[in-house]
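Enquirer: Input final27.txt, format and content: compact mmCIF, C-alpha atoms.
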# COMPACT_ATOMS: atom_id res chain seq x y z
CA MET A 1 0.08 -23.74 5.25
CA ASN A 2 2.47 -24.41 2.36
CA LEU A 3 5.17 -21.68 2.43
CA ILE A 4 5.51 -21.34 -1.37
CA LEU A 5 1.73 -21.09 -1.77
CA LEU A 6 1.69 -18.43 0.94
CA LEU A 7 4.43 -16.44 -0.85
CA VAL A 8 2.58 -16.58 -4.19
CA LEU A 9 -0.56 -15.39 -2.39
CA VAL A 10 1.34 -12.45 -0.86
CA ILE A 11 2.89 -11.47 -4.24
CA ALA A 12 -0.60 -11.50 -5.76
CA ALA A 13 -1.82 -9.32 -2.88
CA GLY A 14 0.94 -6.83 -3.73
CA ALA A 15 -0.24 -6.68 -7.35
CA VAL A 16 -3.82 -6.18 -6.15
CA LEU A 17 -2.63 -3.38 -3.84
CA SER A 18 -1.04 -1.42 -6.69
CA VAL A 19 -4.19 -1.84 -8.79
CA GLN A 20 -6.11 -0.38 -5.85
CA ALA A 21 -3.64 2.53 -5.57
CA ALA A 22 -4.15 3.35 -9.25
CA ILE A 23 -7.95 3.17 -9.06
CA ASN A 24 -8.07 5.24 -5.86
CA GLY A 25 -5.65 7.85 -7.21
CA ARG A 26 -8.06 8.44 -10.07
CA LEU A 27 -11.13 8.35 -7.82
CA GLY A 28 -9.51 10.77 -5.36
CA GLN A 29 -8.93 13.29 -8.17
CA ALA A 30 -12.62 13.17 -9.05
CA VAL A 31 -14.36 13.21 -5.65
CA GLY A 32 -11.64 14.21 -3.14
CA VAL A 33 -9.40 12.27 -0.76
CA LEU A 34 -11.93 11.89 2.05
CA ARG A 35 -14.81 10.55 0.01
CA SER A 36 -12.67 8.10 -1.97
CA SER A 37 -11.02 6.82 1.24
CA LEU A 38 -14.36 6.47 3.02
CA LEU A 39 -15.77 4.55 0.06
CA THR A 40 -12.76 2.20 0.09
CA PHE A 41 -12.94 1.55 3.83
CA ALA A 42 -16.75 1.24 3.95
CA VAL A 43 -16.85 -1.24 1.05
CA GLY A 44 -13.96 -3.09 2.71
CA ALA A 45 -15.77 -3.25 6.07
CA ILE A 46 -19.04 -4.43 4.48
CA THR A 47 -17.27 -7.09 2.41
CA THR A 48 -15.37 -8.35 5.46
CA ALA A 49 -18.51 -8.37 7.61
CA LEU A 50 -20.32 -10.47 4.98
CA LEU A 51 -17.40 -12.90 4.87
CA ILE A 52 -17.46 -13.18 8.68
CA PHE A 53 -21.22 -13.85 8.79
CA PHE A 54 -21.01 -16.73 6.34
CA PHE A 55 -17.50 -18.19 6.61
CA GLU A 56 -15.76 -17.34 9.90
CA PRO A 57 -15.74 -20.11 12.56
CA ALA A 58 -16.34 -19.07 16.20
CA GLN A 59 -13.23 -17.71 17.92
CA ALA A 60 -12.16 -18.18 21.54
CA VAL A 61 -11.10 -14.51 21.91
CA SER A 62 -13.12 -11.54 20.61
CA LEU A 63 -11.86 -8.14 19.41
CA LEU A 64 -13.19 -6.56 22.61
CA GLU A 65 -10.96 -8.73 24.82
CA VAL A 66 -7.55 -8.00 23.29
CA PRO A 67 -5.40 -5.05 24.52
CA LYS A 68 -6.69 -1.82 22.96
CA TRP A 69 -3.38 -0.88 21.33
CA GLN A 70 -3.73 -3.93 19.10
CA LEU A 71 -6.75 -2.25 17.47
CA THR A 72 -4.88 0.89 16.34
CA GLY A 73 -3.75 -0.59 13.00
CA ALA A 74 -6.57 1.21 11.19
CA LEU A 75 -5.13 4.62 12.10
CA PHE A 76 -2.01 3.78 10.08
CA GLY A 77 -4.19 2.44 7.28
CA VAL A 78 -6.24 5.65 7.12
CA VAL A 79 -3.13 7.84 7.04
CA TYR A 80 -1.60 5.64 4.33
CA MET A 81 -4.75 5.73 2.22
CA MET A 82 -5.03 9.51 2.40
CA VAL A 83 -1.35 10.10 1.65
CA MET A 84 -1.51 7.74 -1.35
CA VAL A 85 -4.69 9.22 -2.77
CA GLY A 86 -3.11 12.68 -2.52
CA ALA A 87 0.38 11.75 -3.73
CA VAL A 88 -0.20 9.27 -6.58
CA PRO A 89 -1.50 11.85 -9.10
CA ILE A 90 1.51 14.10 -8.38
CA VAL A 91 4.46 11.70 -8.12
CA GLY A 92 3.09 8.81 -10.23
CA THR A 93 2.09 5.28 -9.24
CA ALA A 94 5.58 3.75 -9.55
CA VAL A 95 7.46 6.41 -7.54
CA ALA A 96 4.81 6.44 -4.81
CA THR A 97 4.96 2.65 -4.67
CA VAL A 98 8.75 2.56 -4.29
CA ALA A 99 8.69 5.29 -1.59
CA VAL A 100 6.13 3.25 0.36
CA ILE A 101 8.34 0.19 -0.06
CA VAL A 102 11.36 1.98 1.44
CA GLY A 103 9.30 2.96 4.49
CA GLN A 104 7.67 -0.47 4.72
CA LEU A 105 10.90 -2.44 4.54
CA GLY A 106 12.83 -0.14 6.89
CA MET A 107 10.08 -0.36 9.49
CA GLY A 108 9.49 -4.09 8.78
CA MET A 109 13.15 -4.82 9.49
CA LEU A 110 13.06 -2.79 12.70
CA ILE A 111 9.97 -4.67 13.94
CA ASP A 112 11.49 -8.03 12.94
CA ASN A 113 14.85 -7.18 14.51
CA PHE A 114 13.47 -6.11 17.88
CA GLY A 115 10.37 -8.31 17.87
CA TRP A 116 8.15 -5.26 18.48
CA LEU A 117 4.33 -5.50 18.84
CA GLY A 118 4.45 -9.17 19.91
CA ASN A 119 6.12 -10.49 16.75
CA PRO A 120 8.91 -13.12 16.68
CA ALA A 121 12.37 -11.45 16.52
CA ILE A 122 14.44 -11.93 13.31
CA GLU A 123 17.96 -10.46 13.48
CA LEU A 124 19.10 -7.72 11.03
CA SER A 125 21.79 -9.22 8.77
CA GLY A 126 24.33 -7.63 6.38
CA SER A 127 22.39 -8.76 3.32
CA ARG A 128 19.23 -7.10 4.67
CA ILE A 129 21.10 -3.78 4.92
CA VAL A 130 22.49 -4.14 1.36
CA ALA A 131 18.96 -4.89 0.16
CA MET A 132 17.77 -1.66 1.77
CA LEU A 133 20.47 0.29 -0.12
CA CYS A 134 19.38 -1.35 -3.40
CA LEU A 135 15.82 -0.22 -2.73
CA ALA A 136 16.91 3.35 -1.91
CA LEU A 137 18.86 3.42 -5.21
CA ALA A 138 15.82 2.07 -7.04
CA LEU A 139 13.77 4.96 -5.63
CA VAL A 140 16.34 7.45 -6.97
CA PHE A 141 16.17 5.89 -10.47
CA MET A 142 12.36 5.85 -10.46
CA TYR A 143 12.24 9.48 -9.37
CA ARG A 144 14.78 10.61 -11.99
CA SER A 145 12.98 8.79 -14.78
CA ASN A 146 9.70 10.45 -13.76
CA THR A 147 11.04 14.02 -13.60
CA ARG A 148 12.92 13.61 -16.90
CA GLN A 149 9.78 12.40 -18.69
CA ALA A 150 7.81 15.36 -17.35
CA ASP A 151 10.34 17.87 -18.79
CA MET B 1 11.61 13.86 -26.95
CA GLN B 2 9.11 11.16 -27.84
CA ALA B 3 8.36 10.68 -24.17
CA SER B 4 7.14 14.25 -23.79
CA LEU B 5 4.80 13.74 -26.76
CA ILE B 6 3.28 10.75 -25.00
CA GLU B 7 3.08 12.66 -21.72
CA GLY B 8 1.24 15.53 -23.46
CA ALA B 9 -0.68 17.26 -20.71
CA ALA B 10 1.79 16.72 -17.84
CA GLN B 11 3.72 20.02 -17.54
CA SER B 12 6.57 20.30 -15.07
CA THR B 13 7.00 23.55 -13.18
CA PRO B 14 9.61 24.19 -10.44
CA LYS B 15 6.73 24.47 -7.98
CA LYS B 16 5.42 21.03 -8.87
CA ASN B 17 8.88 19.48 -8.55
CA ALA B 18 9.28 21.01 -5.07
CA LEU B 19 5.90 19.57 -4.13
CA ARG B 20 7.02 16.16 -5.33
CA LEU B 21 10.17 16.27 -3.17
CA LEU B 22 8.08 17.38 -0.21
CA LEU B 23 5.64 14.53 -0.73
CA LEU B 24 8.25 11.76 -0.91
CA PRO B 25 9.18 11.68 2.84
CA LEU B 26 5.46 11.74 3.62
CA VAL B 27 4.87 8.71 1.37
CA ILE B 28 7.83 6.92 3.01
CA LEU B 29 6.32 7.60 6.45
CA ALA B 30 3.00 6.24 5.22
CA GLY B 31 4.86 3.09 4.14
CA MET B 32 6.37 2.75 7.63
CA GLY B 33 2.85 2.94 8.99
CA LEU B 34 1.88 0.00 6.80
CA SER B 35 4.57 -2.15 8.43
CA VAL B 36 3.35 -1.14 11.88
CA GLU B 37 -0.17 -2.07 10.75
CA ALA B 38 1.07 -5.46 9.52
CA GLY B 39 2.98 -5.91 12.78
CA LEU B 40 -0.21 -5.30 14.76
CA LEU B 41 -2.36 -7.43 12.45
CA GLY B 42 -0.33 -10.67 12.59
CA PRO B 43 -0.59 -11.28 16.36
CA LEU B 44 -4.18 -9.91 16.38
CA GLY B 45 -5.25 -12.31 13.62
CA VAL B 46 -3.79 -15.27 15.53
CA GLN B 47 -5.83 -14.32 18.61
CA VAL B 48 -9.25 -13.31 17.22
CA GLY B 49 -9.21 -14.78 13.66
CA HIS B 50 -8.01 -13.28 10.36
CA LEU B 51 -11.35 -11.89 9.21
CA TRP B 52 -12.10 -10.27 12.57
CA ALA B 53 -8.65 -8.64 12.53
CA THR B 54 -9.43 -7.38 9.01
CA LEU B 55 -12.81 -6.05 10.15
CA SER B 56 -11.09 -4.12 12.97
CA ILE B 57 -9.02 -2.31 10.32
CA PHE B 58 -11.91 -1.47 8.00
CA GLY B 59 -14.47 -0.86 10.74
CA VAL B 60 -12.32 1.63 12.66
CA GLY B 61 -11.09 3.19 9.41
CA THR B 62 -14.65 3.68 8.17
CA ALA B 63 -15.75 5.24 11.46
CA ILE B 64 -12.84 7.71 11.52
CA LEU B 65 -13.25 8.72 7.87
CA PHE B 66 -17.01 9.11 8.24
CA LEU B 67 -16.49 11.54 11.13
CA LEU B 68 -13.76 13.42 9.24
CA LEU B 69 -16.00 13.70 6.19
CA LEU B 70 -19.01 14.77 8.23
CA PHE B 71 -17.13 17.64 9.86
CA SER B 72 -15.16 18.79 6.82
CA GLY B 73 -18.19 20.32 5.10
CA PRO B 74 -19.54 19.95 1.57
CA GLN B 75 -17.27 18.10 -0.87
CA LYS B 76 -16.38 19.21 -4.38
CA GLY B 77 -16.82 17.00 -7.41
CA PRO B 78 -19.55 14.65 -8.67
CA ALA B 79 -21.60 12.30 -6.47
CA LEU B 80 -20.15 8.80 -6.06
CA THR B 81 -23.19 7.40 -7.85
CA ASP B 82 -22.38 9.50 -10.95
CA LEU B 83 -18.93 7.95 -11.41
CA PRO B 84 -18.11 5.04 -13.74
CA ARG B 85 -18.70 1.77 -11.85
CA TRP B 86 -15.15 0.48 -12.23
CA GLN B 87 -13.78 3.42 -10.23
CA LEU B 88 -15.67 2.16 -7.18
CA ILE B 89 -14.20 -1.36 -7.02
CA GLY B 90 -11.05 -0.31 -5.09
CA GLY B 91 -12.84 -1.15 -1.84
CA PHE B 92 -13.13 -4.83 -2.73
CA LEU B 93 -9.38 -5.08 -3.26
CA GLY B 94 -8.37 -3.75 0.20
CA PRO B 95 -9.71 -6.69 2.26
CA MET B 96 -7.80 -9.19 0.07
CA TYR B 97 -4.56 -7.43 0.97
CA VAL B 98 -5.34 -7.20 4.70
CA VAL B 99 -6.50 -10.83 5.02
CA VAL B 100 -3.32 -12.01 3.28
CA LEU B 101 -1.25 -9.84 5.69
CA THR B 102 -2.79 -11.44 8.79
CA LEU B 103 -2.36 -14.89 7.24
CA ALA B 104 1.28 -14.47 6.21
CA THR B 105 3.12 -12.39 8.86
CA PRO B 106 3.06 -14.99 11.66
CA HIS B 107 4.58 -17.60 9.29
CA ILE B 108 7.18 -15.67 7.24
CA GLY B 109 7.84 -12.45 9.25
CA ILE B 110 7.05 -8.83 8.37
CA ALA B 111 10.10 -8.04 6.19
CA MET B 112 9.57 -11.20 4.08
CA THR B 113 5.87 -10.44 3.73
CA MET B 114 6.63 -6.88 2.64
CA ILE B 115 9.18 -8.10 0.09
CA ALA B 116 6.71 -10.51 -1.44
CA ILE B 117 4.09 -7.75 -1.47
CA LEU B 118 6.45 -5.32 -3.15
CA SER B 119 7.52 -7.67 -5.92
CA GLY B 120 3.86 -7.88 -6.87
CA GLN B 121 3.38 -4.12 -6.41
CA VAL B 122 6.32 -2.89 -8.46
CA GLY B 123 5.80 -5.30 -11.34
CA LYS B 124 2.17 -4.29 -11.54
CA SER B 125 2.68 -0.53 -11.02
CA VAL B 126 5.31 -0.31 -13.78
CA LEU B 127 2.78 -2.02 -16.06
CA ILE B 128 0.05 0.43 -14.99
CA ASP B 129 2.29 3.44 -15.75
CA HIS B 130 3.49 1.88 -19.01
CA PHE B 131 0.04 1.19 -20.41
CA GLY B 132 -1.89 3.92 -18.54
CA TRP B 133 -4.40 1.41 -17.15
CA PHE B 134 -7.28 2.55 -14.91
CA GLY B 135 -7.14 6.07 -16.33
CA THR B 136 -3.73 7.05 -14.89
CA ALA B 137 -1.29 9.17 -16.95
CA ARG B 138 0.65 6.99 -19.37
CA LYS B 139 4.43 6.95 -18.79
CA ARG B 140 6.77 5.10 -21.11
CA VAL B 141 8.98 2.64 -19.18
CA ASN B 142 12.54 3.81 -19.96
CA GLY B 143 16.01 2.42 -19.17
CA GLU B 144 16.21 3.99 -15.69
CA ARG B 145 12.99 2.33 -14.68
CA TRP B 146 14.21 -1.09 -15.78
CA ILE B 147 17.41 -0.51 -13.73
CA ALA B 148 15.22 0.35 -10.73
CA LEU B 149 13.20 -2.83 -11.25
CA ALA B 150 16.43 -4.87 -11.48
CA LEU B 151 17.64 -3.31 -8.18
CA ILE B 152 14.37 -4.24 -6.49
CA VAL B 153 14.64 -7.84 -7.71
CA ALA B 154 18.25 -7.92 -6.40
CA ALA B 155 17.00 -6.68 -3.01
CA LEU B 156 14.30 -9.37 -3.04
CA VAL B 157 16.85 -12.13 -3.64
CA LEU B 158 19.21 -10.69 -0.97
CA ILE B 159 16.60 -10.62 1.77
CA ALA B 160 15.02 -13.93 0.79
CA ARG B 161 18.45 -15.59 1.14
CA GLY B 162 19.65 -13.63 4.21
Please, can you express the file's structure as structure tokens?
Expert:
Amino acid sequence: MNLILLLVLVIAAGAVLSVQAAINGRLGQAVGVLRSSLLTFAVGAITTALLIFFFEPAQAVSLLEVPKWQLTGALFGVVYMMVMVGAVPIVGTAVATVAVIVGQLGMGMLIDNFGWLGNPAIELSGSRIVAMLCLALALVFMYRSNTRQAD
Amino acid sequence: MQASLIEGAAQSTPKKNALRLLLLPLVILAGMGLSVEAGLLGPLGVQVGHLWATLSIFGVGTAILFLLLLFSGPQKGPALTDLPRWQLIGGFLGPMYVVVLTLATPHIGIAMTMIAILSGQVGKSVLIDHFGWFGTARKRVNGERWIALALIVAALVLIARG
């Protein structure tokens, strides 16, 4: 697939993700973390199942044949969803988003660097470390601007 | 300050600030979990197909949350069917994100994928706070926030080139 097209698609997915965080933060306030998370995951599962029924070609390997640890991704997703639904109303969408980013990028670089979980290894460079510092600084600025506005 | 007029209802107490600081490391950990999820999803999607990998996420997630909900007793608040319709559409947005993750990570790596994701996230979330979309508290975007956004863009460029 075209690399630029793929990047644009991923940036759009990021925008969609923050829209979802905002909607779920609001929903979680109204009906509680558990019910809003369950709704999100159930609608997600039903939508994906419908897409599979009508659009997915047959695959050589099924979910039941891969090593079981490869199926644990959802546990991280559930924890993330619940933390976000609980934290967004308190710290604000932007601060929560930047905090997630710091965790995401730190862990993403570790996985890339060591090639964990069966991914291709990409070495940690100086510019990647500087980028991490920029993001940490950005988090500080976001946090300060939020607390000042609340005063 | 003008900003506090706009904020209106949001009062800041020392207790709430302490809670915020306590929540931040938790949110960072949750973000680390997302990278692990993406790291698991990429190879899984290559083996069983992107939509099946996505279904594994939402299927297992739904099952776990259903059990948690079932055993946590009666829930406070209105029934889901009493809420405004637009508050229920979050579930349609999740699969888009997960499918794109399984598509992208094998080609551009996890860090690059996360950077592209975050540029979309931050741009959008600053807009959401600024205009108070989707019923969130409205926060005026001040100078510090623009500096933060500039730092994130700098980080994007750094990693994209490195």
Enquirer: Using only C-alpha atoms, I'd like every residue of chain B that has an atom within 6 Å of chain A; please write them out as a PyMOL selection string.
Expert: chain B and resi 3+12+20+27-33+35+37+40+48+55+57-62+65+77+87+90-92+95+97+110-111+116-118+120-121+124-126+134+144-145+148+151-152+155+158-159+162
Enquirer: Would you compute the distance between CA of Thr105 (chain B) and CA of Val122 (chain B)? Give it in Å to one decimal.
Expert: 20.0 Å
Enquirer: For the atom pair CA of Gly45 (chain B) and CA of Thr102 (chain B), what is the interatomic distance in Å to one decimal place?
Expert: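 Between these atoms lies a distance of 5.5 Å.
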Enquirer: For CA of Leu67 (chain B) and CA of Ala79 (chain B), determine how far apart the two atoms are, in Å to one decimal place.
Expert: 18.3 Å
Enquirer: I'd like the box whose edges run along x, y and z of the file and which contains every listed atom of region 130-148 of chain B, padded by 3 Å per side; could you state its centre and edge lengths in Å, one decimal, as AutoDock Vina command-line options?
Expert:
--center_x 5.1 --center_y 4.0 --center_z -15.9 --size_x 30.7 --size_y 16.3 --size_z 16.4
